[in-house]
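A.B. asks: What follows is a single structure, and I will ask about it in a moment.
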There are 2 protein chains.
Amino acid sequence: MSGTLITSAAGGVSLSGSNVTFVIIALVFALIALGFAAMFVQSVLKAGRGTENMQEIAGAVQEGASAYLFRQFKTLGIFVVVAVVLLFLLPVHETDNETWVKIGRSLFFVVGAVFSAFIGGAGMALATRANLRVAAAAGESGGREKAMGIAFRTGGVVGFLTVGLGLFGGALVVLIFKGDAPTVLEGFGFGAALLAMFMRVGGGIFTKAADVGADLVGKVEQGIPEDDPRNAATIADNVGDNVGDCAGMAADLFESYAVTLVAALILGQAAFGQDGLIFPLIVSTIGVVIAIIGVFITRLRPSDKNGLTAINRAFYISALISAVVVAVVSFVYLPSTFAGFNDDGIAADILDSGQDPRWVAVGAVVIGIVLAAAIQALTGYFTETNRRPVQDIGKSSQTGPATVVLAGISVGLESAVYSALVIGAGVFGAYLLGGTSLTLSLFAVALAGTGLLTTVGVIVAMDTFGPISDNAQGIAEMSGDVDEKGAQILTELDAVGNTTKAITKGIAIATAVLAATALFGSYTNTLATSLAEAGISPEAVGAEILGLLNISNPRNLVGLLVGAAVVFLFSGLAINAVSRSAGAVVMEVRRQFREFPGIMDRTQRPEYGRVVDICTRDAQRELVTPGLLAILAPIAVGFGLGAGALASYLAGAIGTGTLMAVFLSNSGGAWDNAKKLVEDGAFGGKGSDAHAATVIGDTVGDPFKDTAGPAINPLIKVMNLVSLLIAPAVVAWSIGTDANTPLRVTIALVAVAIVVAAVVWSKRKPISMGDDTPSASAGDNTPNERVSA
Amino acid sequence: MSGTLITSAAGGVSLSGSNVTFVIIALVFALIALGFAAMFVQSVLKAGRGTENMQEIAGAVQEGASAYLFRQFKTLGIFVVVAVVLLFLLPVHETDNETWVKIGRSLFFVVGAVFSAFIGGAGMALATRANLRVAAAAGESGGREKAMGIAFRTGGVVGFLTVGLGLFGGALVVLIFKGDAPTVLEGFGFGAALLAMFMRVGGGIFTKAADVGADLVGKVEQGIPEDDPRNAATIADNVGDNVGDCAGMAADLFESYAVTLVAALILGQAAFGQDGLIFPLIVSTIGVVIAIIGVFITRLRPSDKNGLTAINRAFYISALISAVVVAVVSFVYLPSTFAGFNDDGIAADILDSGQDPRWVAVGAVVIGIVLAAAIQALTGYFTETNRRPVQDIGKSSQTGPATVVLAGISVGLESAVYSALVIGAGVFGAYLLGGTSLTLSLFAVALAGTGLLTTVGVIVAMDTFGPISDNAQGIAEMSGDVDEKGAQILTELDAVGNTTKAITKGIAIATAVLAATALFGSYTNTLATSLAEAGISPEAVGAEILGLLNISNPRNLVGLLVGAAVVFLFSGLAINAVSRSAGAVVMEVRRQFREFPGIMDRTQRPEYGRVVDICTRDAQRELVTPGLLAILAPIAVGFGLGAGALASYLAGAIGTGTLMAVFLSNSGGAWDNAKKLVEDGAFGGKGSDAHAATVIGDTVGDPFKDTAGPAINPLIKVMNLVSLLIAPAVVAWSIGTDANTPLRVTIALVAVAIVVAAVVWSKRKPISMGDDTPSASAGDNTPNERVSA
């Protein structure tokens with residue numbers, strides 16, 4: 001099977017009547033999900049809004065968050081416009097409707113980007129309103145259930161939007177473009193992934209600049225607690241939770257959903273023609289139903305130890321229902337042999353494989369679901385407070401910060417290995433389902449991705465739960481208007497949120513691997529079509545592609561090395577951006593303590609807005625370089641080193657990216673919980689040296705887990721989709737009659753030059769926190785500074 | 001060119017008379033190098049041995065180091081015996097002398113291992129003697145030049161041994177085995193790499209356990225300076241410098257040299273038949289001459305700012321001479337077209353390429369030399385005290401340890417990217433020299449490796465210089481017998497040593513990439529032969545191989561992911577091993593301070609030997625798991641997932657490994673020098689909070705730069721050679737008449753089971769430093785503990 005290639009079935013596929021019906025059913029279910037979202041919004045907004053004091057704080061957070069998002073969308077607008085123009089210029093495969101397909105691709109790129117932005121924005125807007133209501137509910141009678149209910153329903157809205165808009169977009173493209181859908185879907189996925197990546201990076205920089213900056217001055221220098229209203233960075237910190245953990249995450253999970261669906265649709269058509277476009281839509285439609293069920297069954301029972309019990313129960317029940325429904329649908333809808341399919345466009349090697357389509361479908365979906373559950377369990381083991389890894393990090397706090405950092409790093413490295421092996425096992429399992437057919441194997445991998453994402457509704461709801469609880473706690477702390485019982489409830493919800501956040505990051509990266517592996521198949525397919533169009537004879541195309549993709553070719557090894565390097569550079573840039581921006585926050589908070597001596601005794605109010613402005617400005621500036629890197633690096637490799645090197649570039653980025661993403665997320669999560677362990681009284685408790693050591697570990701982990709780590713998932717997808725989009729041009733301009741080496745080399749050099757300029761430019765502003773020596777106390781005004789209070 | 005494959009020319013090549021002459025010339029030059037080594041040993045040992053006090057300290061270090069090495073060789077003996085047996089059982093390609101080749105392979109495996117061990121052991125034994133003499137010389141008149149001379153000549157001995165024994169081994173195999181040399185050379189390289197990897201890991205764990213343990217109790221808890229004789233871990237710390245930085249490094253550079261030469265010889269024969277065996281030997285013979293010149297011209301001039309100026313001058317002069325000599329030899333010895341070669345065994349695609357052999361040879365060697373110089377410059381930029389990256393880390397010390405750690409990590413990540421890109425550019429440049437011939441491209445890559453290593457003599461001398469200066473300073477400090485001027489000279493030499501150490505690590509990893517890329521060609525070649533032997537028709541072999549090596553196949557992507565994961569696991573295990581062993585050292589030193597209250601006022605002497613014993617024991621125990629992982633992981637992947645997945649496994653390990661190795665080495669080096677920057681008075685100087693922050697950064701960096709980072713180079717080579725060795729069996733047992741799936745799967749499962757058991761076993765002993773709460777002062781004896789002083 002190793003030598004076979006997937007057949008190309010591009011263009012000319014029309015949908016049969018029954019298939020149109022299926023697509024329309026999918027669209028209807030997508031709209032139902034959106035209806036549920038609207039319903040839940042009403043229900044969340046109906047809840048009580050707490051005291052005036054709380055409303056004022058929440059208002060400030062809302063305002064800061066909206067201001068940030070508005071500015072971010074303005075920045076990203078430029079990228080979107082440029083991308084639309086470039087997309088329109090890039091060649092597509094020969095088809096009857098070339099211009100129409102190009103327009104569709106650009107149009108659906110914008111749709112993907114707008115959906116991504118909308119989900120991020122809407123999720124965040126609702127979250128900033130839900131925070132307040134959760135905090136208020138915690139103080140009422142039956143507060144635990146009420147608060148959890150509001151938080152989870154808010155998450156549910158984001159979940160419904162994700163599955164609803166994702167399915168709606170995918171189904172609409174299929175309905176309109178039929179056989180040309182793959183090219184247009186590439187645009188849709190790219191739009192979603194690009195916006196999500198920017199929102200992850202920008203939001204991640206904002207939230208951690210504010211968080212790290214606030215902690216360095218507040219906790220470390222001034223010795224005041226987290227969320228203390230005397231800290232000028234507090235509002236920015238809370239805004240950050242919303243723009244990073246909420247908006248960024250929501251966009252990221254939407255993108256994961258959309259790209260996975262896109263990959264399944266593209267591979268499906270390559271494998272089966274029109275029928276292949278339908279089955280992924282059916283699985284996703286089932287996912288919509290599961291999402292609705294999952295959100296409804298998540299209820300805290302009096303016997304539940306904590307919120308996580310309820311959430312886990314809902315997740316596992318949803319997963320089980322999902323597997324059963326998919327199995328039933330497969331056995332009802334699918335024939336027992338591939339020969340039983342309408343053979344319009346079905347790949348020959350699939351017909352030869354002798355596999356049973358029903359078992360392939362069920363097997364792939366179940367592998368996806370089991371993979372989600374396995375990652376949930378693994379991530380839990382490495383980041384939960386009561387398991388050995390976090391306990392070991394806690395222990396190492398007794399010999400100081402250096403051993404805490406080392407212990408966290410080695411836990412993170414190891415956990416990344418197990419996650420990677422589990423994901424690898426999932427891919428391999430799905431691959432084996434294809435039997436002798438590589439085409440079928442690739443489709444099975446894509447299908448496993450959609451299977452994994454049948455539970456995405458519950459997963460998104462779980463993840464949104466985290467920042468909402470976190471913010472509710474912040475509002476309660478700052479206002480002082482929530483009683484102790486209420487505060488206790490919010491603390492508990494916050495701890496649950498930490499675990500759910502880590503889990504969803506693991507699942508997101510798993511979708512990246514599955515989608516990327518599947519898209520590889522689509523890349524091969526694109527190469528085949530492009531080579532044929534460049535004049536390579538049909539008999540020679542297979543050998544030519546295999547030669548291009550030969551991993552032992554030094555050119556391809558170089559591509560792989562560059563792909564792995566881009567992940568390192570992207571992570572380094574993101575971490576560095578947080579350091580730089582946090583430095584600016586530190587300077588500003590220090591200045592306020594110095595210039596307004598009344599802050600410490602609460603007679604003066606800090607200027608919160610200034611810190612929000614700084615974070616907003618810095619996040620915009622800092623996201624440009626990693627963003628350009630993600631878009632331009634594959635362009636440079638593709639046009640500079642060729643289509644084969646670009647494939648191994650992607651492989652290198654996927655391999656290293658998966659490990660790096662899990663390493664960064666899990667070590668960060670483990671440090672965070674090791675700190676909580678000590679704060680709960682272990683090894684000397686709060687205020688001990690051990691505590692100080694774990695606070696340092698947690699600070700190191702902050703940009704790991706909330707900036708660099710989670711951004712790698714959309715990074716991989718953006719690079720994958722850019723590669724797919726440029727593949728026809730790369731092949732056309734390097735082989736055959738349209739070969740144009742000067743053009744290719746020029747594009748590559750321009751891409752490299754822009755990236756280099758961006759990297760140099762991003763360093764223009766040095767890390768500034770050291771330029772200004774810390775003032776010993778808030779009242780320490782140096783003579784040459786105006787006290788403007 | 002992408003689709004072509006290298007032709008197989010295994011077996012049956014005999015050497016012409018003129019070629020035998022060349023091999024004998026190479027052997028003679030190898031012996032001359034060994035003669036120079038003996039001469040230099042005499043010269044070093046003749047130098048003055050200082051005071052009795054100094055001799056006593058040096059004696060303790062010598063004794064500890066020998067005890068460690070003796071015990072390590074005993075442990076490794078078991079691995080060597082097992083490996084010999086397994087090697088003999090593994091099938092080789094069909095040849096007239098199958099048994100003889102198998103015996104040769106096992107025999108030269110032992111030779112490679114013994115050479116590696118001998119160079120490590122001899123280098124270390126001489127270093128432990130030179131330390132004392134350097135310390136003594138620093139106190140004499142003209143001490144600067146004398147001390148530097150002794151240190152550099154000691155390094156020269158190791159350099160001569162490296163080039164001498166490497167060339168001797170390689171030439172001997174060629175002389176004896178002729179056409180079957182490649183298979184035997186695989187054994188030779190594997191022996192060298194395996195021993196070196198164990199010595200790197202074991203030595204790295206020993207040295208950093210002692211160093212970190214000593215610092216945590218001495219500097220942090222007791223507030224006594226480094227190398228203070230009251231610290232029970234001081235001798236162990238100095239022993240560690242010798243077993244890790246000296247023995248481990250010497251073995252590692254020998255292995256780099258041997259494996260690169262082996263790769264060039266194997267590829268050379270595949271490309272050119274017998275002539276291809278000769279040219280790499282000629283380049284290496286030139287390298288011997290260059291090494292001798294390089295060591296002789298390294299002399300401190302009065303005008304030199306410091307030792308680094310002299311060393312850099314020698315390096316650049318050697319590099320230049322080397323390029324010129326290779327160019328002259330190429331233009332004298334080589335014909336102007338490949339058709340002008342004796343065409344016995346020359347690959348067809350080379351003849352078709354139309355390249356000029358003289359320019360290919362010169363180009364490849366010059367690329368190697370330029371690559372060495374570029375890495376030297378890059379590493380210098382990222383780790384030198386007076387450049388911006390280290391200055392930025394220094395600045396970040398003002399906001400505490402967390403920002404120091406983050407800044408170091410982002411500097412390390414970024415520097416890894418640039419090194420990887422430079423190495424990638426080198427590979428790509430050499431690749432382009434092949435024109436349309438992939439076979440020629442691969443040979444050019446291998447030749448670039450030998451070019452890089454023409455300067456290895458000087459490089460090894462540079463690197464050995466580091467630990468010798470470090471130890472000399474330790475002896476001076478502990479004995480108190482060297483005056484202030486002498487101490488100043490030793491401090492200066494030590495600082496130079498830090499930079500040279502970082503540079504050689506960068507160069508070592510570059511050889512890993514070049515050798516690994518070249519060995520990939522040899523892997524393809526092995527697959528071709530094995531497939532033919534398994535009954536695949538000659539016409540089908542090419543397509544079959546390309547199918548196997550198709551990077552877009554999910555099976556291969558899984559292999560790649562596992563390869564990248566192994567690098568993460570190996571690094572995590574190594575860092576974790578240091579944490580665990582350092583914990584044991586901390587406990588022991590604390591115990592001694594507690595039980596012997598006279599230590600602090602110098603009325604009692606600590607039991608230094610106990611700490612040496614602990615480090616020796618722990619290093620042996622801890623090296624087993626990463627060692628087994630390196631050997632068994634490729635076996636599991638090869639037999640479990642097949643020959644194609646094994647190839648992409650290697651590609652993944654090379655890509656991620658290169659970046660990880662440079663990241664770990666450079667961030668560690670940068671932290672070390674940021675600490676020195678603060679110690680020199682910046683940001684508050686010694687004793688300030690900024691200093692404490694950089695000490696934490698340095699401690700985090702210790703296992704990065706001296707344990708995990710440098711061990712990745714031999715790791716990559718061991719995995720590469722294991723893959724080459726098992727490739728015939730993998731193919732034979734999965735394809736054709738000898739296919740035996742149960743056997744394959746059983747081998748894979750047993751390999752996985754052993755690795756899992758080893759990982760679990762290594763965690764049996766928890767990190768223990770936290771089990772014992774730190775005693776507040778040396779005299780703090782808890783009632784239930786016996787004071788045995």
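By convention here, the chains of the structure tokens are called A, B, ... in the order presented, each chain's residues are numbered starting at 1, and ligands are numbered starting at 1 in the order presented.
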Show me, as a PyMOL selection string, the residues that have an atom within 9 Å of region 443-450 of chain B when counting only C-alpha atoms, minus same-chain residues fewer than 3 positions from it.
C.D. replies: (chain A and resi 554) or (chain B and resi 257+260-261+263-268+270-271+276+279-280+283-284+287+360-361+363-369+371+426-434+438-440+453-454+510-519+521)
A.B. asks: What are the nearest atom pairs, with distances in Å to one decimal, for all residues of chain B that come at most 6 Å from chain A, using only C-alpha atoms, set out by chain and rising residue number as JSON lines?
C.D. replies:
```
{"residue": "B:Ser2", "atom": "CA", "partner": "A:Gly547", "partner_atom": "CA", "distance": 4.9}
{"residue": "B:Gly3", "atom": "CA", "partner": "A:Gly547", "partner_atom": "CA", "distance": 3.7}
{"residue": "B:Lys395", "atom": "CA", "partner": "A:Gly770", "partner_atom": "CA", "distance": 4.9}
{"residue": "B:Ser396", "atom": "CA", "partner": "A:Gly770", "partner_atom": "CA", "distance": 5.6}
{"residue": "B:Gln398", "atom": "CA", "partner": "A:Gly770", "partner_atom": "CA", "distance": 5.4}
{"residue": "B:Ala402", "atom": "CA", "partner": "A:Ile696", "partner_atom": "CA", "distance": 5.2}
{"residue": "B:Ser410", "atom": "CA", "partner": "A:Gly572", "partner_atom": "CA", "distance": 4.5}
{"residue": "B:Leu413", "atom": "CA", "partner": "A:Gly572", "partner_atom": "CA", "distance": 5.4}
{"residue": "B:Glu414", "atom": "CA", "partner": "A:Leu569", "partner_atom": "CA", "distance": 5.5}
{"residue": "B:Val417", "atom": "CA", "partner": "A:Ala565", "partner_atom": "CA", "distance": 5.1}
{"residue": "B:Gly424", "atom": "CA", "partner": "A:Val558", "partner_atom": "CA", "distance": 5.2}
{"residue": "B:Phe520", "atom": "CA", "partner": "A:Ser552", "partner_atom": "CA", "distance": 5.6}
{"residue": "B:Leu546", "atom": "CA", "partner": "A:Leu546", "partner_atom": "CA", "distance": 5.5}
{"residue": "B:Gly547", "atom": "CA", "partner": "A:Gly3", "partner_atom": "CA", "distance": 3.8}
{"residue": "B:Leu548", "atom": "CA", "partner": "A:Ser2", "partner_atom": "CA", "distance": 5.4}
{"residue": "B:Leu549", "atom": "CA", "partner": "A:Asn550", "partner_atom": "CA", "distance": 5.3}
{"residue": "B:Asn550", "atom": "CA", "partner": "A:Asn550", "partner_atom": "CA", "distance": 5.3}
{"residue": "B:Ile551", "atom": "CA", "partner": "A:Leu549", "partner_atom": "CA", "distance": 5.6}
{"residue": "B:Ser552", "atom": "CA", "partner": "A:Phe520", "partner_atom": "CA", "distance": 5.7}
{"residue": "B:Val558", "atom": "CA", "partner": "A:Gly424", "partner_atom": "CA", "distance": 5.2}
{"residue": "B:Leu561", "atom": "CA", "partner": "A:Gly655", "partner_atom": "CA", "distance": 4.7}
{"residue": "B:Ala565", "atom": "CA", "partner": "A:Val417", "partner_atom": "CA", "distance": 5.1}
{"residue": "B:Phe568", "atom": "CA", "partner": "A:Leu413", "partner_atom": "CA", "distance": 5.6}
{"residue": "B:Leu569", "atom": "CA", "partner": "A:Glu414", "partner_atom": "CA", "distance": 5.5}
{"residue": "B:Gly572", "atom": "CA", "partner": "A:Ser410", "partner_atom": "CA", "distance": 4.5}
{"residue": "B:Asn576", "atom": "CA", "partner": "A:Ser410", "partner_atom": "CA", "distance": 5.9}
{"residue": "B:Gly655", "atom": "CA", "partner": "A:Leu561", "partner_atom": "CA", "distance": 4.7}
{"residue": "B:Ile696", "atom": "CA", "partner": "A:Ala402", "partner_atom": "CA", "distance": 5.2}
{"residue": "B:Val700", "atom": "CA", "partner": "A:Ala402", "partner_atom": "CA", "distance": 5.4}
{"residue": "B:Gly770", "atom": "CA", "partner": "A:Lys395", "partner_atom": "CA", "distance": 4.9}
```
A.B. asks: Kindly save the residues from that selection, with C-alpha atoms included, as an mmCIF file, in the first residue's frame.
C.D. replies:
```cif
data_model
loop_
_atom_site.group_PDB
_atom_site.id
_atom_site.type_symbol
_atom_site.label_atom_id
_atom_site.label_comp_id
_atom_site.auth_asym_id
_atom_site.auth_seq_id
_atom_site.Cartn_x
_atom_site.Cartn_y
_atom_site.Cartn_z
ATOM 1 C CA SER B 2 13.939 14.341 -7.125
ATOM 2 C CA GLY B 3 12.915 10.960 -8.386
ATOM 3 C CA LYS B 395 18.819 43.178 32.426
ATOM 4 C CA SER B 396 15.857 40.940 33.062
ATOM 5 C CA GLN B 398 16.157 43.113 37.845
ATOM 6 C CA ALA B 402 11.145 34.265 36.421
ATOM 7 C CA SER B 410 13.569 32.781 24.368
ATOM 8 C CA LEU B 413 14.889 29.050 21.158
ATOM 9 C CA GLU B 414 15.864 31.810 18.780
ATOM 10 C CA VAL B 417 16.618 28.556 14.819
ATOM 11 C CA GLY B 424 20.293 23.646 6.665
ATOM 12 C CA PHE B 520 20.107 8.580 4.925
ATOM 13 C CA LEU B 546 9.955 5.871 -3.050
ATOM 14 C CA GLY B 547 6.612 4.530 -1.869
ATOM 15 C CA LEU B 548 8.142 3.488 1.443
ATOM 16 C CA LEU B 549 9.766 6.887 1.929
ATOM 17 C CA ASN B 550 6.682 8.918 1.009
ATOM 18 C CA ILE B 551 6.416 11.599 3.681
ATOM 19 C CA SER B 552 2.693 12.115 3.072
ATOM 20 C CA VAL B 558 3.443 8.750 12.826
ATOM 21 C CA LEU B 561 6.106 12.159 15.389
ATOM 22 C CA ALA B 565 8.970 12.531 20.715
ATOM 23 C CA PHE B 568 11.766 15.187 24.023
ATOM 24 C CA LEU B 569 11.688 12.069 26.193
ATOM 25 C CA GLY B 572 13.250 15.086 29.858
ATOM 26 C CA ASN B 576 15.057 14.563 35.511
ATOM 27 C CA GLY B 655 14.950 17.897 12.885
ATOM 28 C CA ILE B 696 18.822 30.485 39.518
ATOM 29 C CA VAL B 700 18.333 25.752 35.406
ATOM 30 C CA GLY B 770 12.097 17.595 49.323
#
```
A.B. asks: Under the rule that only C-alpha atoms are counted, which of B:Ile57, B:Ala135, B:Leu725, B:Ala247 is the nearest residue to Leu185 (chain B)?
C.D. replies: B:Leu725
A.B. asks: Check the smallest atom-to-atom distance from each of A:Ala674, A:Ala137, A:Ala727, A:Val759 to Pro389 (chain A) using only C-alpha atoms, then report the winner.
C.D. replies: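 For Pro389 (chain A), the nearest of the candidates is A:Ala674.
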A.B. asks: Find the residues around region 298-305 of chain A up to 12 Å (only C-alpha atoms counted), leave out those fewer than 2 positions away in its own chain, and share them as number ranges by chain.
C.D. replies: A: 142-153, 155-156, 291-296, 307-318, 457-459, 461-462, 492-493, 496
A.B. asks: Would you save the residues of that selection, restricted to N, CA and C atoms, as a compact mmCIF listing (two decimals), in the first residue's frame?
C.D. replies:
```txt
# COMPACT_ATOMS: atom_id res chain seq x y z
N GLY A 142 -28.47 28.52 47.09
CA GLY A 142 -28.29 27.58 45.99
C GLY A 142 -27.27 28.12 44.99
N GLY A 143 -26.33 28.90 45.51
CA GLY A 143 -25.39 29.62 44.65
C GLY A 143 -24.51 28.71 43.81
N ARG A 144 -24.13 27.58 44.37
CA ARG A 144 -23.22 26.69 43.67
C ARG A 144 -23.82 26.25 42.34
N GLU A 145 -25.05 25.75 42.41
CA GLU A 145 -25.69 25.25 41.19
C GLU A 145 -25.98 26.40 40.23
N LYS A 146 -26.48 27.51 40.79
CA LYS A 146 -26.84 28.64 39.93
C LYS A 146 -25.61 29.19 39.20
N ALA A 147 -24.54 29.42 39.96
CA ALA A 147 -23.32 30.00 39.37
C ALA A 147 -22.77 29.08 38.30
N MET A 148 -22.70 27.80 38.64
CA MET A 148 -22.18 26.84 37.66
C MET A 148 -23.07 26.80 36.42
N GLY A 149 -24.38 26.87 36.65
CA GLY A 149 -25.33 26.85 35.53
C GLY A 149 -25.09 28.00 34.58
N ILE A 150 -24.94 29.20 35.13
CA ILE A 150 -24.74 30.36 34.25
C ILE A 150 -23.43 30.23 33.48
N ALA A 151 -22.38 29.84 34.21
CA ALA A 151 -21.07 29.74 33.56
C ALA A 151 -21.10 28.70 32.45
N PHE A 152 -21.74 27.57 32.72
CA PHE A 152 -21.70 26.52 31.72
C PHE A 152 -22.61 26.86 30.54
N ARG A 153 -23.74 27.55 30.81
CA ARG A 153 -24.62 27.89 29.70
C ARG A 153 -23.96 28.93 28.78
N GLY A 155 -20.80 29.06 28.21
CA GLY A 155 -19.92 28.22 27.39
C GLY A 155 -20.72 27.52 26.32
N GLY A 156 -21.93 27.09 26.69
CA GLY A 156 -22.79 26.40 25.74
C GLY A 156 -23.09 27.26 24.52
N ALA A 291 -24.01 18.09 20.90
CA ALA A 291 -23.65 19.32 21.62
C ALA A 291 -24.84 19.81 22.43
N ILE A 292 -26.02 19.78 21.79
CA ILE A 292 -27.23 20.25 22.49
C ILE A 292 -27.51 19.35 23.69
N ILE A 293 -27.46 18.03 23.46
CA ILE A 293 -27.68 17.11 24.56
C ILE A 293 -26.66 17.34 25.67
N GLY A 294 -25.39 17.45 25.27
CA GLY A 294 -24.30 17.58 26.25
C GLY A 294 -24.49 18.79 27.15
N VAL A 295 -24.86 19.91 26.56
CA VAL A 295 -25.02 21.11 27.37
C VAL A 295 -26.23 20.97 28.30
N PHE A 296 -27.29 20.32 27.79
CA PHE A 296 -28.47 20.18 28.63
C PHE A 296 -28.25 19.22 29.80
N GLY A 307 -17.57 20.69 40.40
CA GLY A 307 -18.09 20.93 39.07
C GLY A 307 -17.49 20.00 38.03
N LEU A 308 -16.23 19.60 38.25
CA LEU A 308 -15.56 18.75 37.27
C LEU A 308 -16.28 17.41 37.12
N THR A 309 -16.80 16.91 38.22
CA THR A 309 -17.54 15.65 38.16
C THR A 309 -18.70 15.77 37.18
N ALA A 310 -19.45 16.86 37.31
CA ALA A 310 -20.60 17.07 36.43
C ALA A 310 -20.15 17.21 34.98
N ILE A 311 -19.07 17.96 34.78
CA ILE A 311 -18.60 18.19 33.41
C ILE A 311 -18.08 16.90 32.80
N ASN A 312 -17.30 16.15 33.57
CA ASN A 312 -16.78 14.88 33.07
C ASN A 312 -17.91 13.93 32.72
N ARG A 313 -18.90 13.88 33.59
CA ARG A 313 -20.03 12.99 33.33
C ARG A 313 -20.67 13.37 31.99
N ALA A 314 -20.91 14.66 31.81
CA ALA A 314 -21.55 15.11 30.57
C ALA A 314 -20.68 14.75 29.36
N PHE A 315 -19.36 14.93 29.51
CA PHE A 315 -18.47 14.63 28.40
C PHE A 315 -18.54 13.15 28.03
N TYR A 316 -18.43 12.28 29.03
CA TYR A 316 -18.39 10.86 28.71
C TYR A 316 -19.74 10.37 28.19
N ILE A 317 -20.84 10.90 28.74
CA ILE A 317 -22.15 10.50 28.21
C ILE A 317 -22.30 10.96 26.76
N SER A 318 -21.89 12.20 26.49
CA SER A 318 -21.97 12.70 25.11
C SER A 318 -21.16 11.83 24.18
N GLY A 457 -18.87 20.58 21.12
CA GLY A 457 -19.79 21.48 21.78
C GLY A 457 -19.55 21.48 23.28
N VAL A 458 -19.47 20.28 23.85
CA VAL A 458 -19.24 20.16 25.29
C VAL A 458 -17.85 20.69 25.64
N ILE A 459 -16.90 20.42 24.77
CA ILE A 459 -15.53 20.85 25.05
C ILE A 459 -15.44 22.37 25.09
N ALA A 461 -17.82 24.44 25.71
CA ALA A 461 -18.53 24.89 26.90
C ALA A 461 -17.64 24.75 28.14
N MET A 462 -16.93 23.60 28.21
CA MET A 462 -15.99 23.35 29.31
C MET A 462 -14.93 24.44 29.40
N GLU A 492 -13.76 27.41 44.01
CA GLU A 492 -13.89 26.03 43.55
C GLU A 492 -14.11 25.98 42.03
N LEU A 493 -14.99 26.85 41.55
CA LEU A 493 -15.26 26.88 40.10
C LEU A 493 -13.98 27.25 39.33
N VAL A 496 -11.71 24.26 38.94
CA VAL A 496 -12.22 23.38 37.89
C VAL A 496 -11.86 23.95 36.53
```
A.B. asks: So which one's closest to Ala682 (chain A), A:Asp618, A:Ser106, A:Leu76, A:Asn386? Using only C-alpha atoms, please.
C.D. replies: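 Residue with the minimum atom-to-atom distance to Ala682 (chain A): A:Asn386.
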A.B. asks: Extract, using only C-alpha atoms, all DNA, RNA and protein residues at most 10 Å from Phe639 (chain A), discarding same-chain residues fewer than 2 positions from it, and format them as a list in words.
C.D. replies: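 In the requested form, the answer reads Pro634, Ile635, Ala636, Val637, Leu641, Gly642, Ala643, Ala645, Leu646, Ile726, Ala727, Ala729, Val730, Val731, Trp733, Ser734, Thr741, Leu743, Arg744, Val745, Thr746, Ile747, Ala748, Leu749 and Ala751 of chain A.
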A.B. asks: The selected residues should be written to file as a compact mmCIF listing (two decimals), in the first residue's frame (atoms: C-alpha atoms).
C.D. replies:
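selection.txt, written as the output of this step:
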```txt
# COMPACT_ATOMS: atom_id res chain seq x y z
CA PRO A 634 5.69 28.20 3.90
CA ILE A 635 5.67 30.61 0.96
CA ALA A 636 9.45 31.01 1.18
CA VAL A 637 10.02 27.26 1.48
CA LEU A 641 12.88 24.85 -2.21
CA GLY A 642 9.95 23.34 -4.06
CA ALA A 643 6.81 21.30 -3.45
CA ALA A 645 10.51 20.43 0.60
CA LEU A 646 7.27 22.20 1.47
CA ILE A 726 0.11 27.87 -3.04
CA ALA A 727 0.75 24.29 -4.18
CA ALA A 729 1.42 27.88 -8.23
CA VAL A 730 4.55 26.19 -6.84
CA VAL A 731 4.17 23.28 -9.23
CA TRP A 733 6.06 27.80 -11.82
CA SER A 734 8.68 25.10 -11.31
CA THR A 741 12.36 30.36 -11.87
CA LEU A 743 9.45 34.65 -10.35
CA ARG A 744 9.65 31.75 -7.87
CA VAL A 745 12.96 32.84 -6.42
CA THR A 746 11.82 36.45 -6.20
CA ILE A 747 8.70 35.49 -4.27
CA ALA A 748 10.78 33.36 -1.90
CA LEU A 749 13.33 36.10 -1.34
CA ALA A 751 8.99 36.46 1.78
```
